[in-house]
$ cat final.csv   # CSV, C-alpha atoms and all ligand atoms
chain,number,residue,atom,x,y,z
A,255,MET,CA,-2.2,-16.2,4.7
A,256,ARG,CA,-1.2,-15.1,8.2
A,257,ILE,CA,0.7,-12.1,9.6
A,258,THR,CA,3.7,-13.4,11.4
A,259,ARG,CA,5.7,-10.3,12.3
A,260,VAL,CA,5.2,-6.5,12.4
A,261,GLU,CA,8.3,-4.3,11.9
A,262,THR,CA,8.1,-0.5,12.2
A,263,PHE,CA,10.1,2.3,10.6
A,264,ILE,CA,10.6,6.1,10.7
A,265,LEU,CA,12.0,7.8,7.6
A,266,HIS,CA,12.9,11.5,7.4
A,267,VAL,CA,13.2,12.5,3.8
A,268,PRO,CA,14.4,16.0,2.8
A,269,VAL,CA,11.6,17.9,1.1
A,270,THR,CA,13.7,20.0,-1.4
A,271,ASN,CA,17.0,21.7,-1.3
A,272,GLN,CA,15.3,24.7,0.3
A,273,GLN,CA,13.2,25.2,3.4
A,274,ILE,CA,9.5,25.3,2.7
A,275,ALA,CA,6.6,26.8,4.6
A,276,ASP,CA,2.8,27.2,4.5
A,277,SER,CA,0.9,29.5,6.8
A,278,THR,CA,1.1,27.1,9.7
A,279,HIS,CA,4.0,24.7,9.1
A,280,GLN,CA,7.7,24.9,8.4
A,281,VAL,CA,9.1,21.7,6.9
A,282,THR,CA,12.6,20.5,6.1
A,283,HIS,CA,11.9,16.7,6.1
A,284,TRP,CA,8.8,14.7,5.4
A,285,GLY,CA,8.2,12.0,8.0
A,286,VAL,CA,7.2,8.5,6.8
A,287,VAL,CA,6.2,6.4,9.8
A,288,GLY,CA,4.9,3.0,9.2
A,289,ALA,CA,4.8,-0.8,9.3
A,290,VAL,CA,6.0,-3.8,7.4
A,291,LEU,CA,3.8,-6.8,7.9
A,292,ARG,CA,5.6,-10.0,7.3
A,293,THR,CA,3.5,-13.1,6.5
A,294,ASP,CA,3.9,-16.9,6.1
A,295,THR,CA,3.9,-16.2,2.3
A,296,MET,CA,6.5,-14.6,0.1
A,297,TRP,CA,4.6,-11.2,0.4
A,298,SER,CA,5.2,-8.4,2.9
A,299,GLY,CA,2.8,-5.5,3.3
A,300,TYR,CA,3.9,-1.8,3.5
A,301,GLY,CA,1.9,1.0,5.0
A,302,TYR,CA,2.6,4.4,6.5
A,303,THR,CA,1.4,7.8,7.4
A,304,GLY,CA,2.9,11.2,6.7
A,305,THR,CA,4.3,13.7,9.2
A,306,HIS,CA,6.4,16.9,9.3
A,307,GLY,CA,9.3,14.9,10.5
A,308,HIS,CA,9.2,15.7,14.2
A,309,LEU,CA,11.0,12.8,15.8
A,310,ALA,CA,9.3,12.9,19.2
A,311,THR,CA,5.8,12.6,17.8
A,312,ASP,CA,6.9,10.2,15.0
A,313,ARG,CA,8.1,7.9,17.8
A,314,LEU,CA,4.6,8.0,19.4
A,315,ILE,CA,3.0,7.0,16.1
A,316,ARG,CA,5.6,4.2,15.7
A,317,ASP,CA,5.1,2.9,19.2
A,318,CYS,CA,1.3,3.0,18.7
A,319,ILE,CA,1.8,0.7,15.7
A,320,GLY,CA,4.4,-1.5,17.4
A,321,GLU,CA,3.0,-1.8,20.9
A,322,ALA,CA,-0.8,-1.3,20.6
A,323,LEU,CA,-1.9,-2.2,17.0
A,324,ALA,CA,0.6,-5.0,16.1
A,325,PRO,CA,-0.8,-7.5,18.6
A,326,LEU,CA,-4.2,-7.0,17.1
A,327,VAL,CA,-3.1,-8.1,13.6
A,328,LEU,CA,-0.6,-10.8,14.5
A,329,GLY,CA,-1.8,-14.2,13.4
A,330,GLU,CA,-4.7,-12.6,11.3
A,331,ASP,CA,-5.3,-13.0,7.6
A,332,PRO,CA,-4.5,-9.6,6.1
A,333,ARG,CA,-7.1,-10.0,3.4
A,334,ASP,CA,-9.8,-9.5,6.0
A,335,THR,CA,-9.4,-5.7,5.6
A,336,GLY,CA,-12.9,-4.7,6.7
A,337,LEU,CA,-13.0,-7.0,9.7
A,338,LEU,CA,-9.5,-6.0,10.8
A,339,TRP,CA,-10.3,-2.3,10.5
A,340,GLN,CA,-13.3,-2.9,12.8
A,341,LYS,CA,-11.0,-4.7,15.2
A,342,LEU,CA,-8.3,-2.0,15.2
A,343,TYR,CA,-10.8,0.8,15.5
A,344,HIS,CA,-13.3,-0.7,17.9
A,345,THR,CA,-11.1,-2.5,20.4
A,346,PRO,CA,-12.3,-0.6,23.5
A,347,SER,CA,-8.9,0.2,24.9
A,348,ILE,CA,-7.8,1.7,21.5
A,349,ARG,CA,-11.0,3.5,20.9
A,350,TRP,CA,-10.8,5.2,24.3
A,351,VAL,CA,-7.6,7.0,23.2
A,352,GLY,CA,-8.2,6.9,19.5
A,353,ARG,CA,-10.5,8.1,16.7
A,354,ALA,CA,-8.1,11.0,15.8
A,355,GLY,CA,-4.5,12.1,15.9
A,356,ILE,CA,-1.7,9.8,16.6
A,357,VAL,CA,-3.8,6.6,17.0
A,358,GLN,CA,-5.7,7.2,13.8
A,359,MET,CA,-2.5,7.9,11.8
A,360,ALA,CA,-1.0,4.7,13.2
A,361,LEU,CA,-4.1,2.8,12.3
A,362,SER,CA,-4.1,4.2,8.8
A,363,ALA,CA,-0.6,3.0,8.3
A,364,VAL,CA,-1.4,-0.6,9.4
A,365,GLU,CA,-4.6,-0.6,7.3
A,366,ILE,CA,-2.8,0.5,4.2
A,367,ALA,CA,-0.3,-2.3,4.8
A,368,LEU,CA,-3.2,-4.8,4.9
A,369,TRP,CA,-4.5,-3.6,1.6
A,370,ASP,CA,-1.0,-3.8,0.1
A,371,LEU,CA,-0.8,-7.5,1.1
A,372,LYS,CA,-4.3,-8.1,-0.2
A,373,ALA,CA,-3.5,-6.6,-3.6
A,374,LYS,CA,-0.2,-8.4,-3.8
A,375,ALA,CA,-1.8,-11.7,-2.9
A,376,ALA,CA,-4.4,-11.0,-5.7
A,377,GLU,CA,-1.5,-10.1,-8.0
A,378,MET,CA,-3.1,-6.8,-8.9
A,379,PRO,CA,-2.4,-3.1,-8.3
A,380,LEU,CA,-4.7,-1.7,-5.7
A,381,TRP,CA,-6.8,0.3,-8.1
A,382,LYS,CA,-7.7,-2.9,-10.0
A,383,LEU,CA,-8.5,-4.8,-6.9
A,384,LEU,CA,-10.9,-2.0,-6.0
A,385,GLY,CA,-12.5,-2.3,-9.4
A,386,GLY,CA,-11.1,0.9,-10.9
A,387,ASP,CA,-10.5,2.2,-14.4
A,388,GLY,CA,-6.9,2.1,-15.3
A,389,GLY,CA,-7.5,3.9,-18.6
A,390,LYS,CA,-9.0,7.1,-17.4
A,391,PRO,CA,-7.0,10.3,-17.3
A,392,VAL,CA,-5.9,11.3,-13.8
A,393,GLU,CA,-4.6,14.9,-13.8
A,394,ALA,CA,-1.8,16.0,-11.5
A,395,TYR,CA,-1.7,19.5,-10.1
A,396,ASN,CA,1.5,20.8,-8.7
A,397,THR,CA,1.8,21.9,-5.1
A,398,ASP,CA,5.6,21.8,-4.9
A,399,GLY,CA,6.4,25.4,-5.9
A,400,GLY,CA,3.9,27.7,-4.3
A,401,TRP,CA,5.4,27.9,-0.8
A,402,LEU,CA,4.6,30.9,1.4
A,403,ASN,CA,8.2,31.6,2.3
A,404,TRP,CA,9.3,31.9,-1.3
A,405,SER,CA,9.6,35.2,-3.1
A,406,ARG,CA,7.1,36.3,-5.7
A,407,GLN,CA,9.6,35.8,-8.4
A,408,GLN,CA,10.3,32.2,-7.2
A,409,LEU,CA,6.6,31.5,-7.3
A,410,VAL,CA,6.3,32.9,-10.8
A,411,ASP,CA,9.3,30.9,-12.0
A,412,CYS,CA,8.1,27.6,-10.4
A,413,ALA,CA,4.6,28.0,-11.8
A,414,ARG,CA,6.0,28.7,-15.3
A,415,ALA,CA,8.3,25.7,-15.0
A,416,ALA,CA,5.4,23.5,-13.9
A,417,VAL,CA,3.2,24.6,-16.8
A,418,ASP,CA,6.2,24.0,-19.2
A,419,GLU,CA,6.4,20.5,-17.8
A,420,GLY,CA,2.7,20.0,-18.8
A,421,PHE,CA,0.9,20.6,-15.5
A,422,ARG,CA,-2.6,22.0,-16.0
A,423,GLY,CA,-2.9,23.2,-12.4
A,424,VAL,CA,-0.7,24.8,-9.7
A,425,LYS,CA,-1.4,25.6,-6.1
A,426,LEU,CA,-0.2,28.6,-4.1
A,427,LYS,CA,0.1,28.8,-0.3
A,428,ILE,CA,-1.6,31.9,1.1
A,429,GLY,CA,-2.2,33.2,4.7
A,430,SER,CA,0.4,36.0,4.8
A,431,PRO,CA,0.2,38.4,7.8
A,432,ASP,CA,-1.1,41.0,5.3
A,433,PRO,CA,-3.6,39.4,2.9
A,434,ARG,CA,-2.8,42.0,0.2
A,435,ASP,CA,0.6,40.3,-0.2
A,436,ASP,CA,-1.2,37.1,-1.0
A,437,LEU,CA,-3.4,38.8,-3.6
A,438,ASP,CA,-0.4,40.5,-5.1
A,439,ARG,CA,1.5,37.1,-5.5
A,440,LEU,CA,-1.7,35.5,-6.8
A,441,ALA,CA,-2.0,38.2,-9.5
A,442,ALA,CA,1.6,37.7,-10.6
A,443,VAL,CA,1.2,33.9,-10.9
A,444,ARG,CA,-2.1,34.2,-12.8
A,445,GLU,CA,-0.5,36.6,-15.2
A,446,ALA,CA,2.5,34.3,-15.7
A,447,ILE,CA,0.5,31.1,-16.4
A,448,GLY,CA,-2.3,32.6,-18.4
A,449,PRO,CA,-6.0,32.0,-18.2
A,450,SER,CA,-6.3,28.3,-19.0
A,451,VAL,CA,-4.2,26.7,-16.2
A,452,LYS,CA,-6.0,25.9,-12.9
A,453,LEU,CA,-4.8,28.0,-10.0
A,454,MET,CA,-5.6,26.9,-6.5
A,455,VAL,CA,-4.9,28.6,-3.1
A,456,ASP,CA,-4.4,26.9,0.3
A,457,ALA,CA,-4.5,28.9,3.6
A,458,ASN,CA,-3.8,25.8,5.8
A,459,GLY,CA,-6.4,26.8,8.3
A,460,ARG,CA,-5.0,30.2,9.0
A,461,TRP,CA,-7.8,32.7,9.0
A,462,ASP,CA,-11.1,33.4,10.8
A,463,LEU,CA,-14.4,34.0,9.1
A,464,PRO,CA,-14.1,37.8,8.5
A,465,ALA,CA,-10.6,37.5,7.0
A,466,ALA,CA,-11.6,34.5,4.9
A,467,ILE,CA,-14.6,36.4,3.5
A,468,ARG,CA,-12.6,39.5,2.8
A,469,VAL,CA,-9.8,37.6,1.0
A,470,GLY,CA,-12.2,35.1,-0.5
A,471,ARG,CA,-14.3,37.7,-2.3
A,472,HIS,CA,-11.2,38.7,-4.4
A,473,LEU,CA,-10.3,35.2,-5.4
A,474,ALA,CA,-12.8,35.1,-8.3
A,475,GLU,CA,-10.9,38.0,-9.9
A,476,TYR,CA,-8.1,35.5,-10.6
A,477,ASP,CA,-10.4,32.7,-11.5
A,478,VAL,CA,-9.2,30.6,-8.5
A,479,TYR,CA,-10.2,27.0,-8.9
A,480,TRP,CA,-10.6,26.4,-5.1
A,481,PHE,CA,-9.9,28.0,-1.8
A,482,GLU,CA,-8.4,25.3,0.4
A,483,GLU,CA,-8.5,25.1,4.3
A,484,PRO,CA,-9.4,28.7,4.7
A,485,MET,CA,-10.2,28.4,8.4
A,486,TRP,CA,-9.9,26.2,11.5
A,487,PHE,CA,-10.0,22.6,10.5
A,488,ASP,CA,-12.9,21.5,12.6
A,489,ASP,CA,-15.1,24.5,12.2
A,490,VAL,CA,-18.0,23.2,10.0
A,491,GLY,CA,-20.3,26.2,10.6
A,492,SER,CA,-17.8,28.9,9.5
A,493,HIS,CA,-17.0,27.0,6.3
A,494,ALA,CA,-20.7,26.6,5.6
A,495,VAL,CA,-21.1,30.4,5.9
A,496,LEU,CA,-18.1,31.1,3.8
A,497,ALA,CA,-19.2,28.7,1.1
A,498,ARG,CA,-22.4,30.8,0.8
A,499,SER,CA,-20.6,34.1,0.9
A,500,ILE,CA,-18.0,33.8,-1.9
A,501,ALA,CA,-18.0,32.6,-5.5
A,502,THR,CA,-14.9,30.4,-5.2
A,503,PRO,CA,-15.4,26.7,-4.3
A,504,ILE,CA,-14.1,25.5,-0.9
A,505,ALA,CA,-11.7,22.5,-0.7
A,506,LEU,CA,-10.7,20.6,2.5
A,507,GLY,CA,-10.3,17.2,4.0
A,508,GLU,CA,-6.6,16.7,4.7
A,509,GLN,CA,-7.2,17.2,8.5
A,510,GLN,CA,-10.3,15.1,8.7
A,511,TYR,CA,-9.8,12.0,10.8
A,512,SER,CA,-13.0,10.2,10.1
A,513,LEU,CA,-15.8,9.5,7.7
A,514,ASP,CA,-18.1,11.3,10.3
A,515,ALA,CA,-15.9,14.5,10.1
A,516,MET,CA,-16.1,14.5,6.2
A,517,ARG,CA,-19.9,13.9,6.5
A,518,SER,CA,-20.4,16.9,8.7
A,519,PHE,CA,-18.7,19.2,6.1
A,520,ILE,CA,-20.4,17.6,3.1
A,521,GLU,CA,-23.9,17.7,4.6
A,522,ALA,CA,-23.5,21.3,5.7
A,523,GLY,CA,-22.6,22.3,2.2
A,524,ALA,CA,-19.2,23.5,3.7
A,525,VAL,CA,-17.0,21.8,1.1
A,526,HIS,CA,-17.0,21.5,-2.7
A,527,PHE,CA,-13.7,19.6,-3.4
A,528,VAL,CA,-13.4,16.7,-1.0
A,529,GLN,CA,-9.8,15.9,-0.1
A,530,PRO,CA,-9.5,12.9,2.2
A,531,ASP,CA,-6.1,11.7,3.0
A,532,PRO,CA,-5.7,7.9,3.3
A,533,THR,CA,-2.9,8.2,5.8
A,534,ARG,CA,-5.1,10.2,8.2
A,535,ILE,CA,-8.7,9.3,7.7
A,536,GLY,CA,-8.1,5.6,8.7
A,537,GLY,CA,-6.7,4.0,5.5
A,538,ILE,CA,-8.1,2.8,2.2
A,539,GLY,CA,-11.5,1.6,3.6
A,540,PRO,CA,-12.6,5.0,5.1
A,541,TRP,CA,-11.1,6.9,2.1
A,542,MET,CA,-13.3,4.9,-0.3
A,543,GLN,CA,-16.3,5.5,2.0
A,544,ALA,CA,-15.6,9.2,2.1
A,545,ALA,CA,-15.3,9.2,-1.7
A,546,ASP,CA,-18.6,7.3,-2.0
A,547,LEU,CA,-20.2,9.9,0.2
A,548,ALA,CA,-18.8,12.7,-2.0
A,549,LEU,CA,-20.1,10.8,-5.1
A,550,ALA,CA,-23.5,10.6,-3.6
A,551,HIS,CA,-23.5,14.4,-3.3
A,552,ARG,CA,-22.0,14.7,-6.8
A,553,LEU,CA,-18.9,16.4,-5.4
A,554,PRO,CA,-15.4,15.8,-6.9
A,555,VAL,CA,-12.7,14.0,-4.8
A,556,VAL,CA,-9.1,15.2,-5.0
A,557,GLY,CA,-7.1,13.2,-2.4
A,558,HIS,CA,-4.6,15.0,-0.2
A,559,ALA,CA,-1.1,13.6,-0.8
A,560,GLY,CA,-0.1,13.0,2.8
A,561,ASP,CA,1.6,9.9,1.4
A,562,MET,CA,3.1,12.0,-1.3
A,563,MET,CA,1.0,10.3,-3.9
A,564,GLN,CA,1.7,6.6,-3.8
A,565,VAL,CA,-1.6,5.5,-2.4
A,566,ASN,CA,-3.5,8.6,-3.8
A,567,VAL,CA,-2.8,7.7,-7.4
A,568,GLN,CA,-4.1,4.2,-6.8
A,569,LEU,CA,-7.3,5.6,-5.2
A,570,ALA,CA,-7.8,8.2,-8.0
A,571,PHE,CA,-7.7,5.3,-10.6
A,572,ALA,CA,-10.0,3.3,-8.3
A,573,HIS,CA,-12.8,5.7,-7.6
A,574,PRO,CA,-15.2,7.2,-10.1
A,575,ALA,CA,-15.4,10.6,-8.2
A,576,SER,CA,-11.7,11.2,-8.4
A,577,ALA,CA,-9.8,12.3,-11.4
A,578,MET,CA,-7.1,14.5,-10.0
A,579,VAL,CA,-4.3,14.2,-7.5
A,580,GLU,CA,-2.0,16.6,-5.7
A,581,TYR,CA,1.6,16.2,-7.0
A,582,ILE,CA,4.4,16.4,-4.5
A,583,PRO,CA,7.5,14.4,-5.6
A,584,TRP,CA,9.5,14.4,-2.3
A,585,LEU,CA,9.4,10.6,-1.7
A,586,ARG,CA,9.9,9.4,-5.2
A,587,THR,CA,13.3,7.7,-4.5
A,588,CYS,CA,11.8,5.7,-1.5
A,589,PHE,CA,9.6,3.4,-3.5
A,590,GLU,CA,10.0,0.5,-5.9
A,591,GLU,CA,7.3,2.0,-8.2
A,592,PRO,CA,7.2,5.7,-7.6
A,593,ALA,CA,4.1,7.6,-8.7
A,594,THR,CA,5.0,9.3,-11.9
A,595,GLN,CA,3.5,12.0,-14.0
A,596,GLU,CA,3.9,12.6,-17.7
A,597,GLY,CA,2.7,15.8,-19.3
A,598,GLY,CA,0.5,16.6,-16.3
A,599,PHE,CA,-1.2,13.2,-16.1
A,600,MET,CA,-0.4,10.4,-13.7
A,601,LYS,CA,0.8,7.1,-15.1
A,602,CYS,CA,-1.3,4.2,-14.0
A,603,PRO,CA,0.5,1.9,-11.6
A,604,GLN,CA,1.1,-1.6,-12.8
A,605,VAL,CA,2.9,-3.4,-10.0
A,606,PRO,CA,0.8,-5.5,-7.7
A,607,GLY,CA,0.1,-3.9,-4.3
A,608,ALA,CA,-0.7,-0.5,-3.0
A,609,GLY,CA,2.4,1.1,-4.4
A,610,THR,CA,3.8,1.4,-0.9
A,611,THR,CA,6.7,-1.1,-1.1
A,612,LEU,CA,9.9,0.6,0.0
A,613,ARG,CA,13.1,0.3,-2.0
A,614,HIS,CA,15.6,-1.9,-0.2
A,615,ASP,CA,17.9,1.1,0.6
A,616,ALA,CA,15.1,3.5,1.7
A,617,ILE,CA,15.5,2.6,5.4
A,618,GLU,CA,19.3,2.7,5.2
A,619,ARG,CA,19.2,6.1,3.5
A,620,PHE,CA,16.4,7.9,5.4
A,621,GLY,CA,15.7,5.8,8.5
A,622,VAL,CA,16.0,7.4,11.9
A,623,ALA,CA,16.1,5.6,15.3
B,1,LIG,C1,3.7,21.2,4.0
B,1,LIG,N1,-1.3,20.2,1.0
B,1,LIG,C2,-0.9,20.7,2.2
B,1,LIG,C3,2.5,20.3,3.8
B,1,LIG,C4,0.4,20.1,2.7
B,1,LIG,C5,1.2,21.0,3.6
B,1,LIG,O1,3.5,22.0,5.1
B,1,LIG,O2,2.3,19.5,4.9
B,1,LIG,O3,1.4,22.2,2.9
B,1,LIG,O4,0.0,19.0,3.5
B,1,LIG,O5,-1.6,21.5,2.7
B,1,LIG,O6,-2.4,20.6,0.4
B,2,MG,MG,-3.6,21.6,1.9
$ encode --input "final.csv" --output "structure tokens"
Amino acid sequence: MRITRVETFILHVPVTNQQIADSTHQVTHWGVVGAVLRTDTMWSGYGYTGTHGHLATDRLIRDCIGEALAPLVLGEDPRDTGLLWQKLYHTPSIRWVGRAGIVQMALSAVEIALWDLKAKAAEMPLWKLLGGDGGKPVEAYNTDGGWLNWSRQQLVDCARAAVDEGFRGVKLKIGSPDPRDDLDRLAAVREAIGPSVKLMVDANGRWDLPAAIRVGRHLAEYDVYWFEEPMWFDDVGSHAVLARSIATPIALGEQQYSLDAMRSFIEAGAVHFVQPDPTRIGGIGPWMQAADLALAHRLPVVGHAGDMMQVNVQLAFAHPASAMVEYIPWLRTCFEEPATQEGGFMKCPQVPGAGTTLRHDAIERFGVA
């Protein structure tokens, strides 16, 4: 099996019918930037990364795939996933400008497409190819209702609706200019959902250590399940201090671009819920390595849904440390087999591949030049 052609795409998919925001981003469209790898067989491989739909930077990712990475995989056997990851990552001219950011997101997209082909050629869903357990429960927690720019009443209504649908966990965005507003909203949601539903908060890197400690000390009053990205994404030391200063567990990983970055946090005791994102950390290979590392420290893995769940669901069924995924349904209409929850649990994907195959009309409907 050989790769004969690499096509690239950029999709901008509307997130909901309303504008959404967390403490550091405003989003109207989710960007899906990726590659289709054509082969000398009947199979094509789909892979992509996730962005906030900014066309100028999406084009940089697309061009990195099309101009810099595509020549490295043309003519190769896509089933050589490990070997090709090494080639993509360690080609000196790539590595000099890579290892994080645009290049690493482009690389992740290509690597996921390789795995999609490998799984299709093996006629298995990715989780099975990776030796997973298709029968285990994989819980979904709902992120798509806790936005920072929404009113307290909207938060309460959305959380109630999610619980009525069967979700056993909901996440709220925090990081308001006055943290007392966050605690007020948190109290309202906790009261609305009752004591048995998991309630997470996500500050998207907003605060410094004093603010995170001050707010963080109150989270236990609402039995918060985790405090996500409290501070600057790369600051291992401050997270290690915070983890020892408050009772609530720390979650992070969506902004970590490498296994090394995850390792620094894990070894420092600066993270309790490990949240690697396959579309950012370098694809399926590094995601599995990060999950293995978490497992070796007996820490749970809850992948970040930068791909809006398609790959994450596969990985949750694949890896023994992972039994929960972030649920954000924005891209459901783009895929042939969209990730689906029922009563708060993810259905196990059955179609061969990584779950990344785009519907034939996705590019027509959401593609941008
Ligand atoms: C929307 N999930 C996150 C989205 C999400 C962000 O800004 O990108 O909230 O990636 O933090 O946990
Ligand atoms: Mg987050």
$ residues_near_ligand --input "final.csv" --ligand "ligand LIG 1 (chain B)" --cutoff "10 Å" --atoms "all atoms listed in the file" --output "ChimeraX atom specification"
/A:269,274-284,304-306,396-398,400-402,425-427,454-459,482-483,505-509,529,531,557-562,580-582
$ residues_around --input "final.csv" --residues "A:Ala550" --least-positions-apart "4" --cutoff "12 Å" --atoms "all atoms listed in the file" --output "list of chain:residue names"
A:Arg517, A:Ile520, A:Glu521, A:Gln543, A:Ala544, A:Ala545, A:Asp546, A:Pro554, A:Val555, A:Pro574, A:Ala575
$ residues_around --input "final.csv" --residues "A:Gly386" --least-positions-apart "2" --cutoff "7 Å" --atoms "all atoms listed in the file" --output "CSV table (one decimal) with C-alpha atoms, in the coordinates of the input"
chain,number,residue,atom,x,y,z
A,381,TRP,CA,-6.8,0.3,-8.1
A,382,LYS,CA,-7.7,-2.9,-10.0
A,384,LEU,CA,-10.9,-2.0,-6.0
A,388,GLY,CA,-6.9,2.1,-15.3
A,571,PHE,CA,-7.7,5.3,-10.6
A,572,ALA,CA,-10.0,3.3,-8.3
A,573,HIS,CA,-12.8,5.7,-7.6
$ atom_distance --input "final.csv" --atom1 "atom CA of A:Val417" --atom2 "atom CA of A:Ala442"
14.6 Å
$ residues_around --input "final.csv" --residues "stretch 321-324 of chain A" --least-positions-apart "6" --cutoff "12 Å" --atoms "only C-alpha atoms" --output "JSON, numbers by chain"
{"A": [257, 258, 259, 260, 261, 262, 288, 289, 290, 291, 292, 313, 314, 315, 330, 338, 339, 341, 342, 343, 344, 345, 346, 347, 348, 349, 351, 352, 356, 357, 358, 359, 360, 361, 362, 363, 364, 365, 367, 368]}
$ residues_around --input "final.csv" --residues "A:Ala465" --least-positions-apart "4" --cutoff "12 Å" --atoms "only C-alpha atoms" --output "list in words"
Gly429, Ser430, Pro431, Asp432, Pro433, Arg434, Ala457, Gly459, Arg460, Trp461, Val469, Gly470, Arg471, His472, Pro484, Met485, Ser492 and Leu496 of chain A
